[in-house]
Each structure stands twice: as C-alpha cells, then as structure tokens.
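Undergrad: I am sharing coords-v6.csv, which consists of CSV, C-alpha atoms and all ligand atoms:
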```
chain,number,residue,atom,x,y,z
A,1,ASN,CA,-53.1,-62.2,-96.3
A,2,LYS,CA,-50.6,-62.1,-93.6
A,3,LYS,CA,-46.9,-62.5,-94.2
A,4,TYR,CA,-46.2,-65.4,-91.9
A,5,ILE,CA,-42.7,-65.9,-90.3
A,6,ALA,CA,-42.5,-69.4,-91.8
A,7,THR,CA,-41.6,-68.5,-95.4
A,8,PRO,CA,-38.1,-68.6,-96.8
A,9,THR,CA,-38.2,-64.9,-97.7
A,10,ARG,CA,-39.5,-63.6,-94.4
A,11,THR,CA,-37.2,-65.9,-92.3
A,12,LYS,CA,-34.1,-64.7,-94.3
A,13,GLU,CA,-35.2,-61.0,-93.8
A,14,ILE,CA,-35.4,-61.5,-90.0
A,15,LEU,CA,-32.1,-63.4,-89.8
A,16,ASN,CA,-30.3,-60.7,-91.9
A,17,LYS,CA,-31.8,-57.9,-89.9
A,18,TYR,CA,-30.4,-59.3,-86.7
A,19,THR,CA,-27.3,-60.8,-88.3
A,20,PHE,CA,-28.3,-64.1,-86.6
A,21,SER,CA,-25.9,-67.0,-86.9
A,22,PHE,CA,-27.2,-70.5,-86.3
A,23,LYS,CA,-25.8,-72.5,-83.4
A,24,LYS,CA,-25.5,-76.1,-84.5
A,25,SER,CA,-24.8,-77.0,-80.8
A,26,LEU,CA,-28.4,-75.8,-80.0
A,27,GLY,CA,-30.0,-77.8,-82.8
A,28,GLN,CA,-31.2,-74.7,-84.7
A,29,ASN,CA,-33.0,-75.7,-87.9
A,30,PHE,CA,-35.9,-73.3,-88.5
A,31,LEU,CA,-39.1,-74.3,-90.3
A,32,VAL,CA,-40.0,-72.3,-93.4
A,33,ASP,CA,-43.2,-74.0,-94.6
A,34,VAL,CA,-46.6,-72.9,-93.3
A,35,ASN,CA,-48.3,-76.0,-94.7
A,36,ILE,CA,-46.1,-78.3,-92.6
A,37,LEU,CA,-46.8,-76.2,-89.5
A,38,GLU,CA,-50.5,-76.4,-90.1
A,39,ASN,CA,-50.3,-80.2,-90.6
A,40,ILE,CA,-48.4,-80.4,-87.3
A,41,ILE,CA,-51.0,-78.4,-85.5
A,42,ALA,CA,-53.9,-80.4,-87.0
A,43,CYS,CA,-52.1,-83.6,-86.0
A,44,ALA,CA,-51.7,-82.2,-82.4
A,45,GLY,CA,-55.5,-81.8,-82.1
A,46,ILE,CA,-55.4,-78.2,-80.9
A,47,SER,CA,-58.6,-76.2,-80.8
A,48,LYS,CA,-59.4,-72.5,-80.2
A,49,ASN,CA,-59.8,-73.1,-76.4
A,50,SER,CA,-56.6,-75.2,-76.1
A,51,GLY,CA,-53.4,-74.1,-74.3
A,52,ALA,CA,-50.1,-74.8,-76.1
A,53,ILE,CA,-46.6,-75.3,-74.8
A,54,GLU,CA,-43.7,-75.0,-77.2
A,55,ILE,CA,-40.0,-76.0,-76.7
A,56,GLY,CA,-37.5,-73.9,-78.7
A,57,PRO,CA,-39.5,-71.2,-80.6
A,58,GLY,CA,-36.5,-70.1,-82.6
A,59,ILE,CA,-37.7,-66.9,-84.4
A,60,GLY,CA,-41.3,-67.9,-83.8
A,61,ALA,CA,-42.5,-69.8,-86.9
A,62,LEU,CA,-44.4,-72.4,-85.0
A,63,THR,CA,-45.3,-70.1,-82.1
A,64,GLU,CA,-47.1,-67.8,-84.5
A,65,GLN,CA,-49.2,-70.6,-85.9
A,66,LEU,CA,-49.9,-71.9,-82.4
A,67,ALA,CA,-51.0,-68.4,-81.4
A,68,VAL,CA,-53.4,-68.3,-84.3
A,69,HIS,CA,-55.0,-71.7,-83.5
A,70,SER,CA,-55.0,-71.8,-79.7
A,71,GLU,CA,-56.0,-69.6,-76.8
A,72,LYS,CA,-52.6,-69.2,-75.3
A,73,VAL,CA,-49.0,-70.3,-76.0
A,74,ILE,CA,-46.0,-70.5,-73.6
A,75,ALA,CA,-42.6,-71.2,-75.3
A,76,TYR,CA,-39.3,-72.1,-73.7
A,77,GLU,CA,-36.2,-70.7,-75.4
A,78,VAL,CA,-32.7,-71.2,-74.1
A,79,ASP,CA,-30.8,-68.9,-76.6
A,80,GLN,CA,-30.8,-65.3,-75.3
A,81,ARG,CA,-30.0,-63.9,-78.8
A,82,LEU,CA,-33.5,-65.0,-79.9
A,83,LEU,CA,-35.3,-63.0,-77.3
A,84,PRO,CA,-35.2,-59.5,-79.0
A,85,ILE,CA,-36.1,-61.2,-82.3
A,86,LEU,CA,-39.2,-63.0,-80.8
A,87,ASP,CA,-40.2,-59.7,-79.2
A,88,GLU,CA,-40.5,-58.2,-82.7
A,89,THR,CA,-41.8,-61.2,-84.6
A,90,LEU,CA,-44.6,-62.0,-82.1
A,91,VAL,CA,-45.6,-58.4,-81.3
A,92,GLY,CA,-49.0,-59.0,-83.0
A,93,TYR,CA,-49.7,-62.0,-80.8
A,94,PRO,CA,-50.4,-61.0,-77.2
A,95,ASN,CA,-51.5,-64.6,-76.3
A,96,THR,CA,-47.8,-65.7,-76.5
A,97,GLN,CA,-45.3,-65.7,-73.7
A,98,ILE,CA,-41.6,-66.6,-74.0
A,99,ILE,CA,-39.9,-68.2,-71.0
A,100,HIS,CA,-36.1,-67.8,-71.2
A,101,GLN,CA,-35.1,-71.2,-69.8
A,102,ASP,CA,-33.5,-74.5,-70.6
A,103,ILE,CA,-36.4,-76.9,-70.9
A,104,LEU,CA,-34.4,-79.6,-69.1
A,105,LYS,CA,-34.3,-77.4,-66.0
A,106,ALA,CA,-37.8,-75.9,-66.2
A,107,ASP,CA,-40.6,-76.6,-63.7
A,108,VAL,CA,-43.2,-77.2,-66.4
A,109,LYS,CA,-45.9,-78.3,-63.9
A,110,ALA,CA,-45.6,-75.0,-62.0
A,111,ALA,CA,-45.7,-73.0,-65.3
A,112,ILE,CA,-48.9,-74.9,-66.4
A,113,SER,CA,-50.7,-73.9,-63.2
A,114,SER,CA,-49.7,-70.3,-63.4
A,115,HIS,CA,-50.3,-69.8,-67.2
A,116,PHE,CA,-53.3,-72.0,-67.9
A,117,GLN,CA,-56.8,-72.5,-66.5
A,118,PRO,CA,-57.5,-75.6,-64.4
A,119,ASP,CA,-58.8,-78.3,-66.6
A,120,GLN,CA,-57.7,-76.5,-69.8
A,121,ASP,CA,-57.0,-78.8,-72.7
A,122,ILE,CA,-53.2,-78.5,-73.1
A,123,HIS,CA,-50.9,-79.7,-75.9
A,124,ILE,CA,-47.1,-79.7,-76.1
A,125,VAL,CA,-46.0,-79.0,-79.7
A,126,ALA,CA,-42.4,-78.5,-80.9
A,127,ASN,CA,-39.8,-78.8,-83.6
A,128,LEU,CA,-37.3,-80.1,-81.1
A,129,PRO,CA,-33.6,-79.5,-80.9
A,130,TYR,CA,-32.5,-83.0,-82.1
A,131,TYR,CA,-29.4,-83.3,-79.9
A,132,ILE,CA,-31.6,-83.7,-76.8
A,133,THR,CA,-34.8,-85.2,-78.1
A,134,THR,CA,-34.9,-88.2,-75.8
A,135,PRO,CA,-33.9,-86.4,-72.6
A,136,ILE,CA,-36.6,-83.8,-73.3
A,137,LEU,CA,-39.4,-86.3,-74.1
A,138,MET,CA,-38.5,-88.6,-71.1
A,139,LYS,CA,-38.4,-85.6,-68.8
A,140,LEU,CA,-41.9,-84.5,-69.9
A,141,LEU,CA,-43.3,-88.0,-69.7
A,142,ARG,CA,-41.9,-88.9,-66.3
A,143,GLU,CA,-43.2,-85.7,-64.8
A,144,LYS,CA,-46.8,-86.8,-65.7
A,145,LEU,CA,-47.8,-83.4,-66.7
A,146,PRO,CA,-51.5,-82.5,-67.1
A,147,VAL,CA,-51.4,-82.4,-70.9
A,148,SER,CA,-53.4,-84.3,-73.5
A,149,SER,CA,-50.7,-84.8,-76.1
A,150,ILE,CA,-47.1,-84.2,-77.2
A,151,THR,CA,-46.5,-83.7,-80.9
A,152,VAL,CA,-42.9,-83.2,-82.0
A,153,MET,CA,-40.8,-83.0,-85.1
A,154,ILE,CA,-37.7,-85.1,-84.4
A,155,GLN,CA,-35.2,-87.2,-86.2
A,156,LYS,CA,-37.1,-89.8,-88.3
A,157,GLU,CA,-35.2,-92.8,-86.9
A,158,VAL,CA,-35.9,-91.8,-83.3
A,159,ALA,CA,-39.6,-91.3,-84.1
A,160,ASP,CA,-39.7,-94.8,-85.6
A,161,ARG,CA,-38.0,-96.3,-82.6
A,162,MET,CA,-40.4,-94.6,-80.1
A,163,ALA,CA,-43.5,-95.8,-82.0
A,164,ALA,CA,-42.1,-99.3,-82.8
A,165,LYS,CA,-44.1,-102.5,-82.0
A,166,PRO,CA,-42.7,-105.8,-80.7
A,167,ASN,CA,-40.9,-108.1,-83.2
A,168,THR,CA,-39.7,-105.2,-85.4
A,169,LYS,CA,-36.1,-104.1,-85.8
A,170,ASN,CA,-36.9,-100.7,-84.2
A,171,TYR,CA,-38.5,-102.0,-81.0
A,172,GLY,CA,-36.4,-101.5,-77.9
A,173,SER,CA,-36.3,-100.1,-74.4
A,174,LEU,CA,-37.1,-96.6,-75.7
A,175,SER,CA,-40.3,-97.9,-77.4
A,176,VAL,CA,-41.5,-99.6,-74.2
A,177,ALA,CA,-40.6,-96.5,-72.1
A,178,VAL,CA,-42.5,-94.1,-74.4
A,179,GLN,CA,-45.5,-96.4,-74.9
A,180,TYR,CA,-45.8,-97.0,-71.2
A,181,TYR,CA,-46.9,-93.3,-70.9
A,182,THR,CA,-48.4,-92.8,-74.3
A,183,ASN,CA,-50.0,-94.1,-77.4
A,184,ALA,CA,-47.3,-93.3,-80.0
A,185,LYS,CA,-47.8,-92.8,-83.7
A,186,VAL,CA,-45.5,-91.5,-86.5
A,187,ALA,CA,-47.8,-88.9,-88.1
A,188,MET,CA,-45.7,-88.0,-91.1
A,189,HIS,CA,-42.2,-87.9,-92.6
A,190,VAL,CA,-40.9,-84.5,-93.5
A,191,PRO,CA,-38.4,-83.5,-96.2
A,192,LYS,CA,-35.2,-81.7,-95.3
A,193,THR,CA,-36.1,-78.9,-97.7
A,194,VAL,CA,-38.6,-77.3,-95.3
A,195,PHE,CA,-35.8,-76.2,-92.9
A,196,ILE,CA,-33.2,-73.4,-92.9
A,197,PRO,CA,-30.5,-74.6,-92.6
A,198,GLN,CA,-31.3,-78.1,-93.8
A,199,PRO,CA,-30.5,-80.8,-91.1
A,200,ASN,CA,-28.2,-83.7,-91.9
A,201,VAL,CA,-30.9,-86.2,-90.9
A,202,ASP,CA,-34.4,-87.1,-92.0
A,203,SER,CA,-37.3,-85.8,-89.9
A,204,GLY,CA,-40.7,-87.1,-88.8
A,205,VAL,CA,-43.6,-85.9,-86.7
A,206,LEU,CA,-44.3,-88.1,-83.7
A,207,LYS,CA,-47.7,-87.8,-82.0
A,208,LEU,CA,-47.8,-89.0,-78.4
A,209,THR,CA,-51.3,-89.2,-76.9
A,210,ILE,CA,-51.0,-89.3,-73.1
A,211,ARG,CA,-52.6,-92.4,-71.4
A,212,LYS,CA,-54.9,-91.7,-68.6
A,213,GLU,CA,-54.0,-95.0,-67.0
A,214,PRO,CA,-50.8,-97.1,-67.5
A,215,PRO,CA,-51.4,-99.9,-70.0
A,216,VAL,CA,-50.1,-102.5,-67.5
A,217,GLN,CA,-50.0,-102.9,-63.7
A,218,VAL,CA,-46.5,-102.8,-62.4
A,219,ALA,CA,-45.6,-103.2,-58.7
A,220,ASP,CA,-42.6,-100.8,-59.0
A,221,GLU,CA,-42.2,-98.5,-62.1
A,222,ALA,CA,-38.5,-98.0,-61.7
A,223,PHE,CA,-37.8,-101.7,-61.4
A,224,PHE,CA,-40.1,-102.4,-64.4
A,225,PHE,CA,-37.9,-100.1,-66.5
A,226,THR,CA,-34.7,-101.7,-65.1
A,227,ILE,CA,-36.0,-105.1,-66.3
A,228,VAL,CA,-36.8,-103.7,-69.8
A,229,GLN,CA,-33.3,-102.2,-70.0
A,230,ALA,CA,-31.7,-105.5,-68.9
A,231,CYS,CA,-33.7,-107.6,-71.4
A,232,PHE,CA,-32.4,-105.3,-74.3
A,233,ALA,CA,-28.9,-105.0,-72.9
A,234,GLN,CA,-27.6,-107.1,-75.8
A,235,ARG,CA,-30.2,-107.5,-78.5
A,236,ARG,CA,-28.9,-110.8,-79.9
A,237,LYS,CA,-28.8,-112.5,-76.5
A,238,THR,CA,-31.7,-114.5,-75.0
A,239,LEU,CA,-33.7,-113.2,-72.0
A,240,ARG,CA,-32.0,-115.9,-69.9
A,241,ASN,CA,-28.5,-114.6,-70.7
A,242,ASN,CA,-29.3,-110.9,-70.5
A,243,LEU,CA,-31.1,-111.3,-67.1
A,244,SER,CA,-28.4,-113.6,-65.7
A,245,ASN,CA,-25.7,-111.2,-66.7
A,246,TYR,CA,-27.5,-108.1,-65.3
A,247,PHE,CA,-28.4,-109.8,-62.0
A,248,LYS,CA,-25.2,-111.8,-61.6
A,249,GLU,CA,-24.4,-110.3,-58.2
A,250,SER,CA,-27.9,-110.9,-56.7
A,251,TYR,CA,-29.4,-114.1,-58.4
A,252,HIS,CA,-28.1,-117.5,-59.5
A,253,LYS,CA,-28.7,-118.7,-63.0
A,254,GLU,CA,-31.2,-121.3,-61.7
A,255,GLN,CA,-33.1,-118.5,-59.9
A,256,ILE,CA,-33.4,-116.6,-63.1
A,257,ASN,CA,-34.7,-119.7,-64.8
A,258,GLU,CA,-37.3,-120.2,-62.0
A,259,ILE,CA,-38.5,-116.7,-62.3
A,260,LEU,CA,-38.9,-117.0,-66.1
A,261,GLU,CA,-40.7,-120.2,-65.7
A,262,LYS,CA,-43.0,-118.8,-63.0
A,263,ALA,CA,-43.8,-115.8,-65.3
A,264,GLN,CA,-44.4,-118.3,-68.1
A,265,ILE,CA,-42.0,-116.7,-70.4
A,266,ASP,CA,-39.6,-118.9,-72.5
A,267,GLY,CA,-36.0,-117.9,-71.5
A,268,SER,CA,-34.7,-118.6,-75.0
A,269,ARG,CA,-36.8,-115.7,-76.4
A,270,ARG,CA,-35.2,-112.3,-77.0
A,271,GLY,CA,-36.3,-109.0,-75.5
A,272,GLU,CA,-37.5,-107.7,-78.9
A,273,SER,CA,-40.3,-110.3,-78.9
A,274,LEU,CA,-41.8,-109.3,-75.5
A,275,SER,CA,-45.0,-107.3,-75.2
A,276,MET,CA,-45.5,-104.6,-72.6
A,277,GLN,CA,-47.6,-107.0,-70.6
A,278,GLU,CA,-44.9,-109.7,-70.6
A,279,PHE,CA,-42.3,-107.2,-69.4
A,280,ALA,CA,-44.7,-106.2,-66.6
A,281,THR,CA,-45.4,-109.9,-65.6
A,282,LEU,CA,-41.6,-110.6,-65.6
A,283,ALA,CA,-40.9,-107.5,-63.4
A,284,ASN,CA,-43.7,-108.3,-61.0
A,285,THR,CA,-42.5,-112.0,-60.7
A,286,PHE,CA,-39.1,-110.8,-59.4
A,301,LIG,N1,-39.5,-73.7,-83.4
A,301,LIG,C1,-38.6,-73.2,-84.3
A,301,LIG,C2,-38.9,-73.6,-85.7
A,301,LIG,O1,-39.6,-74.6,-85.9
A,301,LIG,O2,-38.5,-72.9,-86.7
A,301,LIG,C3,-37.1,-73.5,-84.0
A,301,LIG,C4,-36.8,-75.0,-83.9
A,301,LIG,S1,-35.1,-75.4,-83.7
A,301,LIG,C5,-35.1,-77.1,-84.3
A,301,LIG,C6,-34.9,-75.8,-81.9
A,301,LIG,C7,-35.0,-74.6,-81.0
A,301,LIG,O3,-34.8,-75.1,-79.6
A,301,LIG,C8,-33.9,-73.5,-81.2
A,301,LIG,O4,-34.5,-72.3,-81.2
A,301,LIG,C9,-33.0,-73.6,-80.0
A,301,LIG,O5,-32.3,-72.4,-79.6
A,301,LIG,C10,-33.9,-74.2,-78.9
A,301,LIG,N2,-33.3,-74.9,-77.9
A,301,LIG,C11,-32.2,-75.7,-77.9
A,301,LIG,N3,-31.9,-76.3,-76.7
A,301,LIG,C12,-32.9,-75.9,-75.9
A,301,LIG,C13,-33.2,-76.1,-74.5
A,301,LIG,N4,-32.4,-76.9,-73.8
A,301,LIG,N5,-34.3,-75.5,-73.9
A,301,LIG,C14,-35.0,-74.7,-74.7
A,301,LIG,N6,-34.8,-74.4,-76.0
A,301,LIG,C15,-33.8,-75.0,-76.6
```
Translate the structure of the given file into structure tokens.
TA:
Amino acid sequence: NKKYIATPTRTKEILNKYTFSFKKSLGQNFLVDVNILENIIACAGISKNSGAIEIGPGIGALTEQLAVHSEKVIAYEVDQRLLPILDETLVGYPNTQIIHQDILKADVKAAISSHFQPDQDIHIVANLPYYITTPILMKLLREKLPVSSITVMIQKEVADRMAAKPNTKNYGSLSVAVQYYTNAKVAMHVPKTVFIPQPNVDSGVLKLTIRKEPPVQVADEAFFFTIVQACFAQRRKTLRNNLSNYFKESYHKEQINEILEKAQIDGSRRGESLSMQEFATLANTF
C-alpha cells in the first residue's frame, strides 16, 4: 500500500513543499493517475528485465512506475528546479538515474551503452513536453537507437497524424516519416482530467514499434524524404504540379511526366493517396 507520486494529493503535497510553479514553456503537465501510468507501461511491453528511458520525468510520477516494472530507468530532465524534488521522490528507487540535459542535445546512444547491458531489451516511455513532440521523436528515430519501442503521451491530433494510413485526412509527410522507422498505433485517448495542470489540448498514447528493417528499399533516404515532402507541399495539388513546382530549377515539366510514367504512378493523383512503396518507387526512379 504505497503512496505513489501519481495521485492528486501526493502531487500537490510535493508541489507545495517546494513551492514549485509550472513552466508552460517547458510543457509541464504532470500525470496524477496511477491507472493511466500502468496502462502506458503495459502498452510499452516492459518486463522486469527491460531497461527504460524516460524524457521529462517532472516530479517522477512515471519514473516511479517504470522503476517498479523494469530493471533500470534513466530519465532526461532539462528543468534544474526539479532535480532536488526528484532526489527526494525517487529516494526509494535506486534503479533510477536522472540525467540533467536537454533531450534534443543528448547523446542517447552513448547513454544506452553506458547504462544498459548489451542486448538488453530497452523501451523509451514518456509523457512528452508537447511543444517539442515532433523534434524529439524524429531525433530518436533518425538516430536508429537500439530500442524495441517508443511509447509516448502526446497531443491526440499529432498521434493521429503519425499513425495515419493513406487516403485519410490525417495522412501526410509526418505519417510516412514515422512509419518508415516504426509500426505506429494510437493505443488510447486520454482525458485532460488526469493531468495537473490540465493541458489545453486532448492527449493520446502513441506506441511506436521499431522496425528491424525498413519497410521499403530506397536508394537514398534523404532524397526519399525530400520526395515525400514535395508531394505533400500543397495537399490539394496533384503530384505532377507539386513535383514540377518543387523541381522547377532542375527538371522540365515533361521530365517530371516521364519520371511519373516510368514509376507507373498517375500524375493526376494526390500525395495523400500514395503508399510508402509508391513514394519509394517514385524516389528511386529520379
Ligand atoms: N513525466 C512527468 C509526468 O508524466 O508527470 C512530467 C511530464 S511533463 C508533460 C514534461 C516534462 O518534460 C517536464 O518535466 C519538463 O520539464 C520536461 N522537459 C521539457 N523540455 C525538455 C527537454 N528539452 N529535455 C528534457 N526534458 C524536458
């Protein structure tokens, strides 16, 4: 019958004791519901032998649950004011380690090799600061870290976009980028009432299972992503128009038509109808 951090009473006690004031600019909305935290951890697929990496521990609500359910937790926190608080709230959990660093500047790969065993099953789990959700996730994905999954609480609309399939209104370059690296699923939607203070937006839990191999063969990854961006530059425009416009310095309209023909993709379609494989074929045909 432990008194977990993630209850409204205990959280308010801690915040009052340290006269902590929330910084909106750091996306500080703390979770005060143990059930939600347990659901997130179950969804991440963490087991007793797993390693866990957290981004933004706050006062330690999720960190504590990760410590209970995994072998070891490292957590990146940028706000110095939270360090003495975490020292106290996590005193009973020697398997936790706080790293005082901006996650966007951190060398996570190096941290993994120094804090975890080789071949340990590692999961990234976080209630992310919403103002930098996309930069954080794209950084973690591009670095091709040796982790099994990334499970994050983020703004619901962003979760829906990242997991969207072709021919839906949410499908865009972000969906293709995220799904190139992962299998993406929205695991649940979460009410505002489980946070202090309550955020202005709706939240959802996104589970990204890291792919062992890319889902498509591309000759040049950077160019593949350029093509995806170009095809979605103006959603209502056809592929032919978006590509001609993007490459107007380097290709004639007729050349764009030839490339589309060779790739066997109808130039009057829109980006939102293309599968990952079709984007790959198109990029490889250039
Ligand atoms: N994990 C806690 C919880 O669920 O109650 C807090 C989550 S809160 C939404 C986001 C946390 O990320 C805050 O503690 C904030 O200070 C921290 N943070 C914001 N920007 C950060 C950055 N660039 N690097 C690391 N932590 C950051």
Undergrad: Mind checking which residues fall within 8 Å of range 141-152 of chain A, counting all atoms listed in the file, ignoring those fewer than 4 positions away in the same chain, and posting them as a PyMOL selection string?
TA: chain A and resi 40+43-44+108-109+121-128+137+178+181+205-210
Undergrad: Calculated over all atoms listed in the file, which of the candidates A:Asp87, A:Glu261, A:Glu64, A:Glu13 has the smallest distance to ligand LIG 301 (chain A)?
TA: A:Glu64
Undergrad: Check which residues fall inside 8 Å of ligand LIG 301 (chain A) when counting all atoms listed in the file, and print them as a ChimeraX atom specification.
TA: /A:6,23,26-32,54-63,76-79,82,100-104,126-130,132,195
Undergrad: Got time to write the residues from that selection, C-alpha atoms, as a tab-separated table (two decimals), in the coordinates of the input?
TA:
```tsv
chain	number	residue	atom	x	y	z
A	6	ALA	CA	-42.50	-69.40	-91.80
A	23	LYS	CA	-25.80	-72.50	-83.40
A	26	LEU	CA	-28.40	-75.80	-80.00
A	27	GLY	CA	-30.00	-77.80	-82.80
A	28	GLN	CA	-31.20	-74.70	-84.70
A	29	ASN	CA	-33.00	-75.70	-87.90
A	30	PHE	CA	-35.90	-73.30	-88.50
A	31	LEU	CA	-39.10	-74.30	-90.30
A	32	VAL	CA	-40.00	-72.30	-93.40
A	54	GLU	CA	-43.70	-75.00	-77.20
A	55	ILE	CA	-40.00	-76.00	-76.70
A	56	GLY	CA	-37.50	-73.90	-78.70
A	57	PRO	CA	-39.50	-71.20	-80.60
A	58	GLY	CA	-36.50	-70.10	-82.60
A	59	ILE	CA	-37.70	-66.90	-84.40
A	60	GLY	CA	-41.30	-67.90	-83.80
A	61	ALA	CA	-42.50	-69.80	-86.90
A	62	LEU	CA	-44.40	-72.40	-85.00
A	63	THR	CA	-45.30	-70.10	-82.10
A	76	TYR	CA	-39.30	-72.10	-73.70
A	77	GLU	CA	-36.20	-70.70	-75.40
A	78	VAL	CA	-32.70	-71.20	-74.10
A	79	ASP	CA	-30.80	-68.90	-76.60
A	82	LEU	CA	-33.50	-65.00	-79.90
A	100	HIS	CA	-36.10	-67.80	-71.20
A	101	GLN	CA	-35.10	-71.20	-69.80
A	102	ASP	CA	-33.50	-74.50	-70.60
A	103	ILE	CA	-36.40	-76.90	-70.90
A	104	LEU	CA	-34.40	-79.60	-69.10
A	126	ALA	CA	-42.40	-78.50	-80.90
A	127	ASN	CA	-39.80	-78.80	-83.60
A	128	LEU	CA	-37.30	-80.10	-81.10
A	129	PRO	CA	-33.60	-79.50	-80.90
A	130	TYR	CA	-32.50	-83.00	-82.10
A	132	ILE	CA	-31.60	-83.70	-76.80
A	195	PHE	CA	-35.80	-76.20	-92.90
```
Undergrad: Could you work out how far CA of Gly267 in chain A lies from CA of Glu249 in chain A, giving the answer in Å with one decimal?
TA: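 Atom-to-atom, CA of Glu249 in chain A to CA of Gly267 in chain A, that is 19.2 Å.
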Undergrad: Enter the distance from CA of Tyr93 in chain A to CA of Ser21 in chain A, in Å, rounded to one decimal.
TA: 25.1 Å
Undergrad: Do you have the CA of Val194 in chain A-CA of Thr7 in chain A distance handy?
TA: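 CA of Thr7 in chain A lies at a distance of 9.3 Å from CA of Val194 in chain A.
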